[in-house]
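Scroll down for the structure; my scribbles are underneath it.
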Amino acid sequence: MGSGCGADHKTGDSLQKTGPKSAATNPLRQARLESYEKPTRPTAENTGPYDEAALKASEALMITTDGAVYENLEVKGDIWIDADDVTIRNFRIDAAGEYYGIKVVDGHEGVVIEDGEIFGMTSAGVLGVGLTARRLHVHDSSGDGFKAEGESPAPTLIEFCFVEKLGTGEDAHADGNQTRGGANITFRYNNFFLPSPGTPNYPGAPYKSNAAFMLELGISDFVIERNWLNGGSYTIYCGSDAGGVSVRNNVFGRDNDGLPEGKEAGHLVSGECDEWAGNVWEDTGNPARR
């Protein structure tokens with residue numbers, strides 16, 4: 001657990017009273033939602049907090065109350081969620097070297113994390129399952145963007161998020177998402193922009209790129225659909241030993257390790273994904289074949 005987390009902080013009680021009503025009536029949030037009525041590529045401009053002026057400073061948080069709503073947070077440190085049906089929205093987290101920006105403890109469900117920016121973590125921006133994450137801007141991680149792994153009675157959905165500029169740590173093998181065991185997980189309409197060193201769009205040191213998706217060990221019912229995926233030594237590693245990985249209708253960029261030799265397709269996927277359908281190259285619209 002992060003050094004700042006022990007019990008619900010006194011700042012948390014006042015912040016959670018803002019509740020869903022204030023979010024529903026916020027015109028900036030409404031404009032954000034309307035911008036996503038059509039599938040829109042997530043960027044730094046349309047993810048993250050929708051109302052920065054409303055953000056209030058907060059210490060690290062340990063949330064243990066079912067149904068709690070936390071809104072308008074500017075957190076220095078991390079947030080641990082050990083409860084069901086928790087909502088966090090309109091926030092920014094500088095993890096300040098903690099392992100995670102947000103950790104959802106195994107066994108929970110109904111967690112909603114939306115419209116936030118997460119950076120400064122050493123392992124991943126979000127760890128856990130049984131959650132829905134929307135419109136997050138995850139960047140400047142020493143390691144990964146997401147770690148959607150663990151156990152929950154409920155599905156996991158990650159959508160409309162922008163992940164960039166990972167792997168700032170020494171010898172990092174940065175993944176947009178790393179899953180080492182998990183089930184009933186869907187990623188859709190996300191933008192993982194992780195150009196590899198040596199490719200034209202590589203942002204430069206200290207950033208690194210291993211994969212958009214690293215999938216290992218026991219995984220089932222894992223869906224990657226309608227995302228924008230660019231970069232990695234291989235863009236997708238399908239190393240699952242349980243099967244059930246579907247990759248469909250995604251748009252792929254060519255900034256992976258195959259580019260210098262003109263062999264991008266050879267570095268598109270490593271291993272065997274169970275379904276591969278409808279995927280295309282962004283620059284030509286031609287099928288992206290594994």
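Residues in the structure tokens are named by chain (A, B, ... in the order shown) and by number from 1 within that chain; ligands are numbered from 1 in the order shown.
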
Using only C-alpha atoms, I'd like a table of the residues in region 163-219 of chain A that come within 6 Å of region 129-146 of chain A; for each, show the closest atom pair and its distance in Å rounded to one decimal, ordered by chain and ascending number, as a tab-separated table.
residue	atom	partner	partner_atom	distance
A:Val163	CA	A:Val138	CA	4.9
A:Glu164	CA	A:His139	CA	5.1
A:Lys165	CA	A:Asp140	CA	5.3
A:Leu166	CA	A:Ser141	CA	4.9
A:Gly167	CA	A:Ser142	CA	4.7
A:Thr168	CA	A:Ser142	CA	4.3
A:Gly169	CA	A:Ser142	CA	4.3
A:Ala172	CA	A:Gly143	CA	5.9
A:Ala174	CA	A:Asp144	CA	5.0
A:Asp175	CA	A:Asp144	CA	4.9
A:Gly176	CA	A:Gly145	CA	4.8
A:Asn177	CA	A:Phe146	CA	4.5

Write out the residues from the selection above, keeping N, CA, C and O atoms, as an mmCIF file, in the first residue's frame.
data_model
loop_
_atom_site.group_PDB
_atom_site.id
_atom_site.type_symbol
_atom_site.label_atom_id
_atom_site.label_comp_id
_atom_site.auth_asym_id
_atom_site.auth_seq_id
_atom_site.Cartn_x
_atom_site.Cartn_y
_atom_site.Cartn_z
ATOM 1 N N VAL A 163 -3.376 6.235 -23.766
ATOM 2 C CA VAL A 163 -2.184 5.770 -23.064
ATOM 3 C C VAL A 163 -0.964 6.110 -23.911
ATOM 4 O O VAL A 163 -0.887 5.737 -25.088
ATOM 5 N N GLU A 164 -0.021 6.819 -23.314
ATOM 6 C CA GLU A 164 1.171 7.249 -24.050
ATOM 7 C C GLU A 164 2.344 7.410 -23.091
ATOM 8 O O GLU A 164 2.189 7.420 -21.871
ATOM 9 N N LYS A 165 3.552 7.519 -23.666
ATOM 10 C CA LYS A 165 4.764 7.908 -22.931
ATOM 11 C C LYS A 165 4.961 7.068 -21.668
ATOM 12 O O LYS A 165 4.914 7.554 -20.541
ATOM 13 N N LEU A 166 5.218 5.787 -21.894
ATOM 14 C CA LEU A 166 5.454 4.853 -20.798
ATOM 15 C C LEU A 166 6.922 4.459 -20.756
ATOM 16 O O LEU A 166 7.710 4.784 -21.637
ATOM 17 N N GLY A 167 7.276 3.710 -19.703
ATOM 18 C CA GLY A 167 8.593 3.110 -19.628
ATOM 19 C C GLY A 167 9.712 4.068 -19.308
ATOM 20 O O GLY A 167 10.805 3.972 -19.867
ATOM 21 N N THR A 168 9.466 4.984 -18.388
ATOM 22 C CA THR A 168 10.516 5.941 -18.023
ATOM 23 C C THR A 168 11.555 5.329 -17.085
ATOM 24 O O THR A 168 12.615 5.914 -16.882
ATOM 25 N N GLY A 169 11.257 4.170 -16.504
ATOM 26 C CA GLY A 169 12.194 3.534 -15.596
ATOM 27 C C GLY A 169 13.334 2.843 -16.325
ATOM 28 O O GLY A 169 13.195 2.415 -17.475
ATOM 29 N N ALA A 172 12.966 -0.635 -18.330
ATOM 30 C CA ALA A 172 11.519 -0.888 -18.366
ATOM 31 C C ALA A 172 11.128 -1.646 -19.639
ATOM 32 O O ALA A 172 11.723 -1.462 -20.698
ATOM 33 N N ALA A 174 7.790 -1.595 -21.174
ATOM 34 C CA ALA A 174 6.517 -0.919 -20.944
ATOM 35 C C ALA A 174 5.414 -1.463 -21.846
ATOM 36 O O ALA A 174 5.568 -1.558 -23.066
ATOM 37 N N ASP A 175 4.272 -1.775 -21.227
ATOM 38 C CA ASP A 175 3.088 -2.248 -21.946
ATOM 39 C C ASP A 175 1.920 -1.296 -21.721
ATOM 40 O O ASP A 175 1.717 -0.809 -20.603
ATOM 41 N N GLY A 176 1.139 -1.067 -22.770
ATOM 42 C CA GLY A 176 -0.088 -0.302 -22.588
ATOM 43 C C GLY A 176 -0.991 -0.974 -21.589
ATOM 44 O O GLY A 176 -1.557 -0.332 -20.699
ATOM 45 N N ASN A 177 -1.126 -2.287 -21.715
ATOM 46 C CA ASN A 177 -1.801 -3.104 -20.700
ATOM 47 C C ASN A 177 -1.066 -4.417 -20.568
ATOM 48 O O ASN A 177 -0.708 -5.052 -21.561
#

Determine, using only C-alpha atoms, which residues of region 169-203 of chain A have any atom at most 9 Å from an atom of region 213-224 of chain A, and tabulate each with its shortest atom pair and distance in Å to one decimal place, rows ordered by chain and then rising number, as a tab-separated table.
residue	atom	partner	partner_atom	distance
A:Asp175	CA	A:Phe213	CA	6.1
A:Gly176	CA	A:Phe213	CA	5.9
A:Asn177	CA	A:Phe213	CA	5.0
A:Gln178	CA	A:Met214	CA	4.7
A:Thr179	CA	A:Leu215	CA	5.0
A:Arg180	CA	A:Glu216	CA	4.8
A:Gly181	CA	A:Gly218	CA	4.6
A:Gly182	CA	A:Ile219	CA	5.0
A:Ala183	CA	A:Ser220	CA	4.8
A:Asn184	CA	A:Asp221	CA	4.7
A:Ile185	CA	A:Phe222	CA	4.9
A:Thr186	CA	A:Val223	CA	4.6
A:Phe187	CA	A:Ile224	CA	5.0
A:Arg188	CA	A:Ile224	CA	6.1

Print the selection's residues with C-alpha atoms to a file, as an mmCIF file, in the first residue's frame.
data_model
loop_
_atom_site.group_PDB
_atom_site.id
_atom_site.type_symbol
_atom_site.label_atom_id
_atom_site.label_comp_id
_atom_site.auth_asym_id
_atom_site.auth_seq_id
_atom_site.Cartn_x
_atom_site.Cartn_y
_atom_site.Cartn_z
ATOM 1 C CA ASP A 175 3.088 -2.248 -21.946
ATOM 2 C CA GLY A 176 -0.088 -0.302 -22.588
ATOM 3 C CA ASN A 177 -1.801 -3.104 -20.700
ATOM 4 C CA GLN A 178 -0.305 -6.148 -19.052
ATOM 5 C CA THR A 179 -2.570 -8.988 -17.985
ATOM 6 C CA ARG A 180 -1.133 -12.025 -16.244
ATOM 7 C CA GLY A 181 -4.312 -13.891 -15.421
ATOM 8 C CA GLY A 182 -7.877 -12.636 -15.705
ATOM 9 C CA ALA A 183 -11.265 -13.210 -17.290
ATOM 10 C CA ASN A 184 -14.129 -11.264 -18.890
ATOM 11 C CA ILE A 185 -12.053 -8.193 -19.776
ATOM 12 C CA THR A 186 -12.803 -5.834 -22.678
ATOM 13 C CA PHE A 187 -10.737 -2.981 -24.123
ATOM 14 C CA ARG A 188 -12.538 -0.901 -26.750
#

Worksheet item: Which one is closest to Thr65 (chain A): A:Leu127, A:Ile81, A:Ile158, A:Ile88? Count only C-alpha atoms.
Response: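 Closest to Thr65 (chain A), using only C-alpha atoms: A:Ile81.
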
Item to complete: Determine which residues of region 81-286 of chain A receive a DSSP assignment of strand (DSSP E), computed from the backbone, and state them as a ChimeraX atom specification.
Response: /A:81,87-94,100-104,111-119,124-127,131-141,146-147,156-159,162-166,175-188,191-194,211-225,228-231,236-240,245-248,251-252,269-271,275-277,280-281

Produce a table with one row for each residue of region 90-168 of chain A that has an atom at most 6 Å from any atom of region 25-45 of chain A, each row naming the nearest atom pair and its distance in Å at one decimal; use only C-alpha atoms; arrange rows by chain and rising residue number; format as a tab-separated table.
residue	atom	partner	partner_atom	distance
A:Phe160	CA	A:Pro42	CA	5.7
A:Cys161	CA	A:Pro42	CA	6.0
A:Phe162	CA	A:Pro42	CA	5.4

Residue subset to file, keeping N, CA, C and O atoms, as a PDB file, in the first residue's frame:
ATOM      1  N   PHE A 160     -12.259   4.282 -24.310  1.00  0.00           N
ATOM      2  CA  PHE A 160     -12.022   5.704 -24.593  1.00  0.00           C
ATOM      3  C   PHE A 160     -10.867   6.288 -23.776  1.00  0.00           C
ATOM      4  O   PHE A 160     -10.901   7.458 -23.397  1.00  0.00           O
ATOM      5  N   CYS A 161      -9.843   5.483 -23.502  1.00  0.00           N
ATOM      6  CA  CYS A 161      -8.685   5.962 -22.755  1.00  0.00           C
ATOM      7  C   CYS A 161      -7.505   6.214 -23.692  1.00  0.00           C
ATOM      8  O   CYS A 161      -7.388   5.589 -24.751  1.00  0.00           O
ATOM      9  N   PHE A 162      -6.637   7.137 -23.298  1.00  0.00           N
ATOM     10  CA  PHE A 162      -5.438   7.471 -24.059  1.00  0.00           C
ATOM     11  C   PHE A 162      -4.225   7.115 -23.221  1.00  0.00           C
ATOM     12  O   PHE A 162      -4.054   7.617 -22.108  1.00  0.00           O
TER      13      PHE A 162
END

Worksheet item: Hey, what's within 6 Å of Gly258 (chain A) if we count only C-alpha atoms and toss same-chain stuff fewer than 5 positions away? As a PyMOL selection string, please?
Response: chain A and resi 263-264+267

Would you output that residue set with N, CA, C and O atoms, as an mmCIF file, in the first residue's frame?
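See selection_1.cif below for the written result:
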data_model
loop_
_atom_site.group_PDB
_atom_site.id
_atom_site.type_symbol
_atom_site.label_atom_id
_atom_site.label_comp_id
_atom_site.auth_asym_id
_atom_site.auth_seq_id
_atom_site.Cartn_x
_atom_site.Cartn_y
_atom_site.Cartn_z
ATOM 1 N N LYS A 263 9.087 -4.382 -42.216
ATOM 2 C CA LYS A 263 8.446 -5.662 -41.889
ATOM 3 C C LYS A 263 7.467 -5.482 -40.732
ATOM 4 O O LYS A 263 7.441 -6.251 -39.776
ATOM 5 N N GLU A 264 6.655 -4.442 -40.821
ATOM 6 C CA GLU A 264 5.738 -4.132 -39.721
ATOM 7 C C GLU A 264 4.808 -5.302 -39.403
ATOM 8 O O GLU A 264 4.522 -5.589 -38.245
ATOM 9 N N HIS A 267 5.909 -7.826 -36.965
ATOM 10 C CA HIS A 267 5.963 -7.410 -35.562
ATOM 11 C C HIS A 267 4.601 -6.949 -35.060
ATOM 12 O O HIS A 267 4.517 -6.213 -34.088
#

Discussion item. I'd like the neighbourhood of Arg89 (chain A) as a PyMOL selection string, where a residue qualifies if any of its atoms comes within 7 Å (using only C-alpha atoms), though same-chain residues fewer than 6 positions away should be ignored.
Written reply: chain A and resi 70-72+113-116

Preceding selection exported with N, CA, C and O atoms as a PDB file, in the first residue's frame:
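Produced file out_27.pdb, reproduced below:
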ATOM      1  N   TYR A  70     -16.396   9.853  -5.240  1.00  0.00           N
ATOM      2  CA  TYR A  70     -15.335  10.848  -5.070  1.00  0.00           C
ATOM      3  C   TYR A  70     -15.199  11.621  -6.371  1.00  0.00           C
ATOM      4  O   TYR A  70     -15.043  11.040  -7.444  1.00  0.00           O
ATOM      5  N   GLU A  71     -15.208  12.937  -6.254  1.00  0.00           N
ATOM      6  CA  GLU A  71     -15.247  13.799  -7.431  1.00  0.00           C
ATOM      7  C   GLU A  71     -14.332  15.009  -7.200  1.00  0.00           C
ATOM      8  O   GLU A  71     -14.169  15.481  -6.078  1.00  0.00           O
ATOM      9  N   ASN A  72     -13.711  15.484  -8.287  1.00  0.00           N
ATOM     10  CA  ASN A  72     -12.942  16.736  -8.251  1.00  0.00           C
ATOM     11  C   ASN A  72     -11.709  16.631  -7.347  1.00  0.00           C
ATOM     12  O   ASN A  72     -11.474  17.462  -6.481  1.00  0.00           O
ATOM     13  N   ILE A 113     -14.259   4.454 -12.832  1.00  0.00           N
ATOM     14  CA  ILE A 113     -13.180   5.436 -12.804  1.00  0.00           C
ATOM     15  C   ILE A 113     -13.249   6.190 -14.125  1.00  0.00           C
ATOM     16  O   ILE A 113     -13.020   5.601 -15.184  1.00  0.00           O
ATOM     17  N   GLU A 114     -13.563   7.493 -14.088  1.00  0.00           N
ATOM     18  CA  GLU A 114     -13.760   8.177 -15.363  1.00  0.00           C
ATOM     19  C   GLU A 114     -13.283   9.626 -15.326  1.00  0.00           C
ATOM     20  O   GLU A 114     -13.296  10.281 -14.293  1.00  0.00           O
ATOM     21  N   ASP A 115     -12.824  10.072 -16.498  1.00  0.00           N
ATOM     22  CA  ASP A 115     -12.409  11.462 -16.701  1.00  0.00           C
ATOM     23  C   ASP A 115     -11.301  11.858 -15.738  1.00  0.00           C
ATOM     24  O   ASP A 115     -11.455  12.740 -14.891  1.00  0.00           O
ATOM     25  N   GLY A 116     -10.157  11.172 -15.875  1.00  0.00           N
ATOM     26  CA  GLY A 116      -9.031  11.460 -15.000  1.00  0.00           C
ATOM     27  C   GLY A 116      -7.701  11.355 -15.708  1.00  0.00           C
ATOM     28  O   GLY A 116      -7.594  10.745 -16.781  1.00  0.00           O
TER      29      GLY A 116
END

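Neighbouring residues of region 105-111 of chain A at 7 Å or closer, counting only C-alpha atoms and skipping chain neighbours under 3 positions away, are Ile81, Asp82, Ala83, Asp84, Asp85, Val86, Thr87, Gly128, Gly130, Leu131, Thr132, Gly150, Glu151, Ser152, Pro153 and Ala154 of chain A.
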
Output file for the residues above (N, CA and C atoms, as a short mmCIF file (atom, residue, chain, number, x, y, z; two decimals), in the first residue's frame):
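The file below, again36.cif, is the result:
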data_model
loop_
_atom_site.label_atom_id
_atom_site.label_comp_id
_atom_site.auth_asym_id
_atom_site.auth_seq_id
_atom_site.Cartn_x
_atom_site.Cartn_y
_atom_site.Cartn_z
N ILE A 81 -8.82 1.10 -3.57
CA ILE A 81 -10.26 0.88 -3.47
C ILE A 81 -10.49 -0.54 -2.96
N ASP A 82 -11.04 -0.63 -1.76
CA ASP A 82 -11.35 -1.92 -1.14
C ASP A 82 -12.84 -1.92 -0.78
N ALA A 83 -13.68 -1.75 -1.82
CA ALA A 83 -15.13 -1.64 -1.64
C ALA A 83 -15.79 -1.84 -2.99
N ASP A 84 -17.10 -2.04 -2.97
CA ASP A 84 -17.89 -2.21 -4.20
C ASP A 84 -18.56 -0.90 -4.59
N ASP A 85 -18.84 -0.77 -5.90
CA ASP A 85 -19.67 0.32 -6.42
C ASP A 85 -19.13 1.71 -6.10
N VAL A 86 -17.82 1.84 -6.09
CA VAL A 86 -17.17 3.13 -5.86
C VAL A 86 -17.06 3.86 -7.20
N THR A 87 -17.27 5.17 -7.18
CA THR A 87 -17.10 6.01 -8.36
C THR A 87 -16.06 7.10 -8.09
N GLY A 128 -6.16 -3.78 -11.46
CA GLY A 128 -7.33 -4.45 -10.93
C GLY A 128 -8.36 -4.77 -11.99
N GLY A 130 -12.97 -5.90 -12.29
CA GLY A 130 -14.26 -5.58 -11.70
C GLY A 130 -14.56 -4.10 -11.78
N LEU A 131 -13.99 -3.43 -12.79
CA LEU A 131 -14.10 -1.98 -12.89
C LEU A 131 -14.45 -1.57 -14.31
N THR A 132 -14.94 -0.33 -14.43
CA THR A 132 -15.10 0.34 -15.71
C THR A 132 -14.24 1.60 -15.67
N GLY A 150 -6.34 -10.06 -12.14
CA GLY A 150 -6.85 -10.37 -10.82
C GLY A 150 -8.16 -11.12 -10.90
N GLU A 151 -8.93 -11.07 -9.82
CA GLU A 151 -10.19 -11.82 -9.74
C GLU A 151 -11.32 -10.91 -9.30
N SER A 152 -12.47 -11.05 -9.97
CA SER A 152 -13.67 -10.31 -9.62
C SER A 152 -14.88 -11.08 -10.12
N PRO A 153 -16.03 -10.98 -9.43
CA PRO A 153 -17.24 -11.62 -9.94
C PRO A 153 -17.86 -10.87 -11.11
N ALA A 154 -17.34 -9.70 -11.45
CA ALA A 154 -17.95 -8.84 -12.46
C ALA A 154 -16.98 -8.61 -13.62
#

Can you list, as a tab-separated table (two decimals) with N, CA and C atoms, in the first residue's frame, every protein, DNA or RNA residue that comes within 7 Å of Ser196 (chain A) when you count only C-alpha atoms, leaving out same-chain residues fewer than 2 positions away?
chain	number	residue	atom	x	y	z
A	194	LEU	N	2.29	4.13	-28.61
A	194	LEU	CA	3.53	3.71	-27.97
A	194	LEU	C	4.60	3.41	-29.02
A	198	GLY	N	13.46	4.28	-32.61
A	198	GLY	CA	13.91	4.12	-33.99
A	198	GLY	C	12.83	4.35	-35.02
A	199	THR	N	11.57	4.48	-34.59
A	199	THR	CA	10.49	4.75	-35.53
A	199	THR	C	10.22	6.26	-35.56
A	202	TYR	N	8.59	8.08	-32.46
A	202	TYR	CA	9.11	7.80	-31.12
A	202	TYR	C	9.36	9.10	-30.36
A	208	LYS	N	10.00	4.08	-23.39
A	208	LYS	CA	10.26	2.78	-24.01
A	208	LYS	C	8.92	2.13	-24.34
A	209	SER	N	8.96	1.12	-25.20
A	209	SER	CA	7.72	0.49	-25.62
A	209	SER	C	7.95	-0.99	-25.86
A	231	GLY	N	2.71	0.74	-32.07
A	231	GLY	CA	3.98	0.62	-31.39
A	231	GLY	C	4.24	-0.74	-30.79
A	232	GLY	N	5.30	-0.80	-30.02
A	232	GLY	CA	5.72	-2.02	-29.37
A	232	GLY	C	6.77	-2.77	-30.16
A	233	SER	N	7.58	-3.57	-29.47
A	233	SER	CA	8.44	-4.51	-30.18
A	233	SER	C	7.57	-5.44	-31.01
A	255	ASP	N	4.37	2.04	-36.26
A	255	ASP	CA	5.55	2.42	-35.49
A	255	ASP	C	5.98	1.33	-34.52
A	256	ASN	N	6.01	0.07	-35.01
A	256	ASN	CA	6.53	-1.00	-34.18
A	256	ASN	C	7.94	-1.35	-34.63
A	257	ASP	N	8.53	-2.34	-34.00
A	257	ASP	CA	9.95	-2.65	-34.25
A	257	ASP	C	10.21	-3.15	-35.66

Practice prompt. Using only C-alpha atoms, find the one residue out of A:Ala277, A:Ala23, A:Val247, A:Ile93 that sits nearest to Asp51 (chain A).
Written response: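 Under the stated criterion, the closest residue is A:Ala23.
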
Worksheet item: Taking only C-alpha atoms into account, which of A:Ala96, A:Ile63, A:Val112, A:Val75 comes nearest Pro155 (chain A)?
Response: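 Answer, going by the shortest atom-to-atom distance: A:Val112.
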
Worksheet item: Can you tell me, as a list in words, what residues are no more than 12 Å from Glu272 (chain A) when counting only C-alpha atoms, ignoring any on the same chain fewer than 5 positions away?
Response: Leu215, Glu216, Ile236, Tyr237, Cys238, Gly239, Ser240, Asp241, Ala242, Gly243, Gly244, Val245, Ser246, Val247 and Arg290 of chain A

Would you mind exporting the chosen residues as a CSV table (one decimal), in the first residue's frame, restricted to C-alpha atoms?
chain,number,residue,atom,x,y,z
A,215,LEU,CA,-1.2,-11.2,-22.3
A,216,GLU,CA,0.2,-14.1,-20.3
A,236,ILE,CA,0.3,-7.6,-29.2
A,237,TYR,CA,1.7,-10.5,-27.3
A,238,CYS,CA,-0.7,-13.4,-27.1
A,239,GLY,CA,1.0,-15.7,-24.6
A,240,SER,CA,-2.1,-16.8,-22.8
A,241,ASP,CA,-2.2,-20.5,-21.9
A,242,ALA,CA,-6.0,-20.5,-21.4
A,243,GLY,CA,-7.2,-19.2,-24.7
A,244,GLY,CA,-10.2,-16.9,-25.3
A,245,VAL,CA,-8.4,-13.8,-26.7
A,246,SER,CA,-10.3,-11.9,-29.5
A,247,VAL,CA,-8.7,-9.1,-31.5
A,290,ARG,CA,-1.1,-11.7,-38.3
